[in-house]
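Scroll down for the structure; my scribbles are underneath it.
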Amino acid sequence: MSTPHLAATLDHTLLRPDCTEAQISQLCQEARQYGFASACVPPCYVPLAARELNGSGVAVCTVIGFPLGYNSPRVKFKEAEIALAEGATELDLVLNVSWLKSGNLEAVKAEVEDLADLADVHDAILKVIIETALLTEAEMEAAARLCAEAGAHFVKTSTGFASRGASVADVELLRRVLPAGVRIKASGGIRTREQAQALLAAGADRLGTSNSLAIVQEDENTPS
């Protein structure tokens with residue numbers, strides 16, 4: 001897989017609570033330079049990212065209900081409305097895992113449906129983070145099917161804030177369960193080109209990582 005192709009699968013991400021405005025600007029410049037799929041930034045930096053990436057072809061991605069997902073649905077919906085109004089074109093929504101584990105599936109599905117409909121109105125992409133580290137295989141399957149039925153465009157593995165991130169096994173399970181039209185984003189703990197390629201081979205369509213530069217530069221640092 002060539003570097004340009006690999007770069008186009010990466011969401012160049014900076015979501016640390018101590019990130020600065022200057023670091024977000026740098027992230028956006030790097031996303032432009034390498035042709036990453038998106039720059040994924042905290043909600044407060046969506047307007048900055050939208051300015052920095054204007055005309056670049058790089059999407060502005062932000063997170064909703066991050067990182068725990070158990071906010072009121074009304075809060076998540078308003079957060080998404082604001083992000084879209086300020087220039088976000090991709091939303092990474094954290095599923096309410098608490099409700100999922102409680103068996104409150106209709107409420108979980110309704111929340112995803114509302115956000116998917118909102119995204120569709122704005123011609124935006126909705127990725128739903130199911131936090132695979134917290135789920136059994138049966139719960140992962142249930143969450144994936146629910147997201148697909150609710151109209152999500154992607155199912156995403158992880159926030160990067162749980163005990164582990166994406167695994168090849170997670171992606172393979174999701175690909176078996178999800179219909180072909182629903183894509184997969186693997187995220188959390190992706191640090192090397194080898195990891196990235198393994199996750200893509202397993203069925204991921206997009207990768208979320210704060211190590212994008214190291215991944216795409218690996219070839220440049222490898223002796224020919």
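A note on labels: chains of the structure tokens are A, B, ... as shown, every chain counts residues from 1, and ligands are counted from 1 in their shown order.
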Would you write out, as a Markdown table, a table of all residues in segment 17-90 of chain A that have an atom no more than 12 Å from an atom of segment 191-207 of chain A, listing for each the closest atom pair and the distance in Å to one decimal, considering only C-alpha atoms and ordering rows by chain and rising residue number?
| residue | atom | partner | partner_atom | distance |
| --- | --- | --- | --- | --- |
| A:Phe36 | CA | A:Leu207 | CA | 10.3 |
| A:Ala37 | CA | A:Arg206 | CA | 8.2 |
| A:Ser38 | CA | A:Arg206 | CA | 9.9 |
| A:Ala39 | CA | A:Leu207 | CA | 11.6 |
| A:Cys40 | CA | A:Leu207 | CA | 11.2 |
Legend entry - Close residues, segment 89-105 of chain A itself excluded, 7 Å, only C-alpha atoms, min 5 positions apart in chain, as a list of chain:residue names: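 Residues meeting the cut-off are A:Ala59, A:Val60, A:Cys61, A:Thr62, A:Val63, A:Ile64, A:Gly65, A:Phe66, A:Pro67, A:Leu68, A:Gly69, A:Tyr70, A:Leu84, A:Ala124, A:Ile125, A:Leu126, A:Lys127, A:Val128, A:Ile129, A:Ile130.
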Keeping only C-alpha atoms, take the residues you just selected and write them out as a PDB file, in the first residue's frame.
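Contents of result24.pdb, as written:
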ATOM      1  CA  ALA A  59     -12.569  16.966   6.428  1.00  0.00           C
ATOM      2  CA  VAL A  60     -13.118  18.651   9.784  1.00  0.00           C
ATOM      3  CA  CYS A  61     -13.951  15.939  12.310  1.00  0.00           C
ATOM      4  CA  THR A  62     -14.972  16.380  15.938  1.00  0.00           C
ATOM      5  CA  VAL A  63     -16.322  14.290  18.789  1.00  0.00           C
ATOM      6  CA  ILE A  64     -19.772  14.265  20.396  1.00  0.00           C
ATOM      7  CA  GLY A  65     -20.466  13.055  23.939  1.00  0.00           C
ATOM      8  CA  PHE A  66     -16.768  12.361  24.293  1.00  0.00           C
ATOM      9  CA  PRO A  67     -15.278  10.334  25.888  1.00  0.00           C
ATOM     10  CA  LEU A  68     -17.892   8.623  28.102  1.00  0.00           C
ATOM     11  CA  GLY A  69     -21.056   8.846  26.021  1.00  0.00           C
ATOM     12  CA  TYR A  70     -23.652   9.002  28.786  1.00  0.00           C
ATOM     13  CA  LEU A  84     -21.994  21.317  12.207  1.00  0.00           C
ATOM     14  CA  ALA A 124     -22.028  15.136   7.038  1.00  0.00           C
ATOM     15  CA  ILE A 125     -20.705  11.758   8.169  1.00  0.00           C
ATOM     16  CA  LEU A 126     -21.689  10.138  11.465  1.00  0.00           C
ATOM     17  CA  LYS A 127     -19.291   7.650  13.044  1.00  0.00           C
ATOM     18  CA  VAL A 128     -20.536   5.920  16.204  1.00  0.00           C
ATOM     19  CA  ILE A 129     -17.931   4.889  18.776  1.00  0.00           C
ATOM     20  CA  ILE A 130     -19.058   1.703  20.529  1.00  0.00           C
TER      21      ILE A 130
END
Inset, instruction - Give the answer as one residue: which of A:Ala169, A:Ile190, A:Ile82, A:Leu174 has the shortest atom-to-atom distance to Leu213 of chain A, using only C-alpha atoms? - result: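 Answer, going by the shortest atom-to-atom distance: A:Ile190.
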Inset, instruction - Name the residues in contact with Leu15 of chain A at a cut-off of 8 Å, using only C-alpha atoms, excluding same-chain residues fewer than 3 positions from it; report them as an MDAnalysis selection string. - result: chainID A and resid 19 40:42
Write to file, as a PDB file, in the first residue's frame, the residues of the selection just made, with N, CA and C atoms.
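selection-v9.pdb was written with the following content:
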ATOM      1  N   CYS A  19      -4.353  19.903  24.947  1.00  0.00           N
ATOM      2  CA  CYS A  19      -3.890  20.380  23.642  1.00  0.00           C
ATOM      3  C   CYS A  19      -4.124  21.886  23.533  1.00  0.00           C
ATOM      4  N   CYS A  40      -9.120  15.470  13.280  1.00  0.00           N
ATOM      5  CA  CYS A  40     -10.116  15.248  14.327  1.00  0.00           C
ATOM      6  C   CYS A  40      -9.714  16.050  15.558  1.00  0.00           C
ATOM      7  N   VAL A  41     -10.548  17.012  15.916  1.00  0.00           N
ATOM      8  CA  VAL A  41     -10.201  18.004  16.937  1.00  0.00           C
ATOM      9  C   VAL A  41     -11.301  18.101  17.990  1.00  0.00           C
ATOM     10  N   PRO A  42     -10.987  18.639  19.169  1.00  0.00           N
ATOM     11  CA  PRO A  42     -12.019  18.875  20.173  1.00  0.00           C
ATOM     12  C   PRO A  42     -13.073  19.860  19.653  1.00  0.00           C
TER      13      PRO A  42
END
Inset, instruction - For Val177 of chain A, work out the shell of residues within 10 Å, counting only C-alpha atoms and skipping chain neighbours fewer than 6 positions away, then give it as a PyMOL selection string. - result: chain A and resi 140-145+148+171
Legend entry - Selected residue, from A:His5, A:Thr159, A:Gly208, A:Glu137, that lies nearest to Arg176 of chain A when counting only C-alpha atoms: A:Glu137
Inset, instruction - Find the residues around Ala166 of chain A up to 8 Å (only C-alpha atoms counted), leave out those fewer than 6 positions away in its own chain, and share them as JSON, numbers by chain. - result: {"A": [132, 157, 158, 186, 187, 188, 189, 190]}
Inset, instruction - Give me, please, the distance in Å between atom CA of Ser212 of chain A and atom CA of Pro17 of chain A, quoted to one decimal. - result: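 Computed distance, atom CA of Ser212 of chain A to atom CA of Pro17 of chain A, equals 18.9 Å.
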Inset, instruction - as a PyMOL selection string, please: all residues of segment 63-217 of chain A that backbone DSSP puts in alpha helix (DSSP H). - result: chain A and resi 73-85+97-101+105-121+137-150+168-177+193-202+212-217
Inset, instruction - Run DSSP on the backbone and give me the residues of segment 7-113 of chain A it puts in strand (DSSP E or B), as a list in words. - result: Leu10, Asp11, His12, Thr13, Ser38, Ala39, Cys40, Val41, Ala59, Val60, Cys61, Thr62, Val63, Ile64, Glu90, Leu91, Asp92, Leu93 and Val94 of chain A
Inset, instruction - May I ask which of the residues A:Val112, A:Ala22, A:Ala85, A:Val75 is the closest one to Glu52 of chain A, counting only C-alpha atoms? - result: A:Ala22
Inset, instruction - Write out as a ChimeraX atom specification each polymer residue whose atoms come within 12 Å of Gln26 of chain A, counting only C-alpha atoms; drop sequence neighbours fewer than 3 positions from it. - result: /A:12-14,19-23,29-33,39,41,48-49,52-53,213
Mind writing the picked residues with C-alpha atoms as a short mmCIF file (atom, residue, chain, number, x, y, z; two decimals), in the first residue's frame?
data_model
loop_
_atom_site.label_atom_id
_atom_site.label_comp_id
_atom_site.auth_asym_id
_atom_site.auth_seq_id
_atom_site.Cartn_x
_atom_site.Cartn_y
_atom_site.Cartn_z
CA HIS A 12 -5.16 12.86 12.05
CA THR A 13 -6.23 13.22 15.67
CA LEU A 14 -5.50 15.40 18.68
CA CYS A 19 -3.89 20.38 23.64
CA THR A 20 -3.32 23.97 22.63
CA GLU A 21 -4.58 26.18 19.82
CA ALA A 22 -1.10 26.18 18.30
CA GLN A 23 -1.02 22.40 18.30
CA GLN A 29 -1.26 22.04 8.52
CA GLU A 30 0.02 18.46 8.68
CA ALA A 31 -3.35 17.14 7.53
CA ARG A 32 -3.15 19.44 4.50
CA GLN A 33 0.45 18.49 3.75
CA ALA A 39 -8.28 16.38 11.19
CA VAL A 41 -10.20 18.00 16.94
CA LEU A 48 -10.23 27.04 13.93
CA ALA A 49 -9.95 23.76 12.04
CA GLU A 52 -7.28 26.16 8.58
CA LEU A 53 -8.64 23.42 6.29
CA LEU A 213 2.97 11.29 10.86
#
Inset, instruction - Compare A:Ala150, A:Leu178, A:Ala50, A:Leu173 by their minimum atom-to-atom distance to Ala110 of chain A, counting only C-alpha atoms, and give me the closest one. - result: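 With only C-alpha atoms as the atom set, the closest residue is A:Ala150.
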Legend entry - Distance criterion (only C-alpha atoms): nearest to His153 of chain A out of A:Arg175, A:Lys185, A:Lys76, A:Arg16: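 The answer is A:Lys185, which sits nearest to His153 of chain A.
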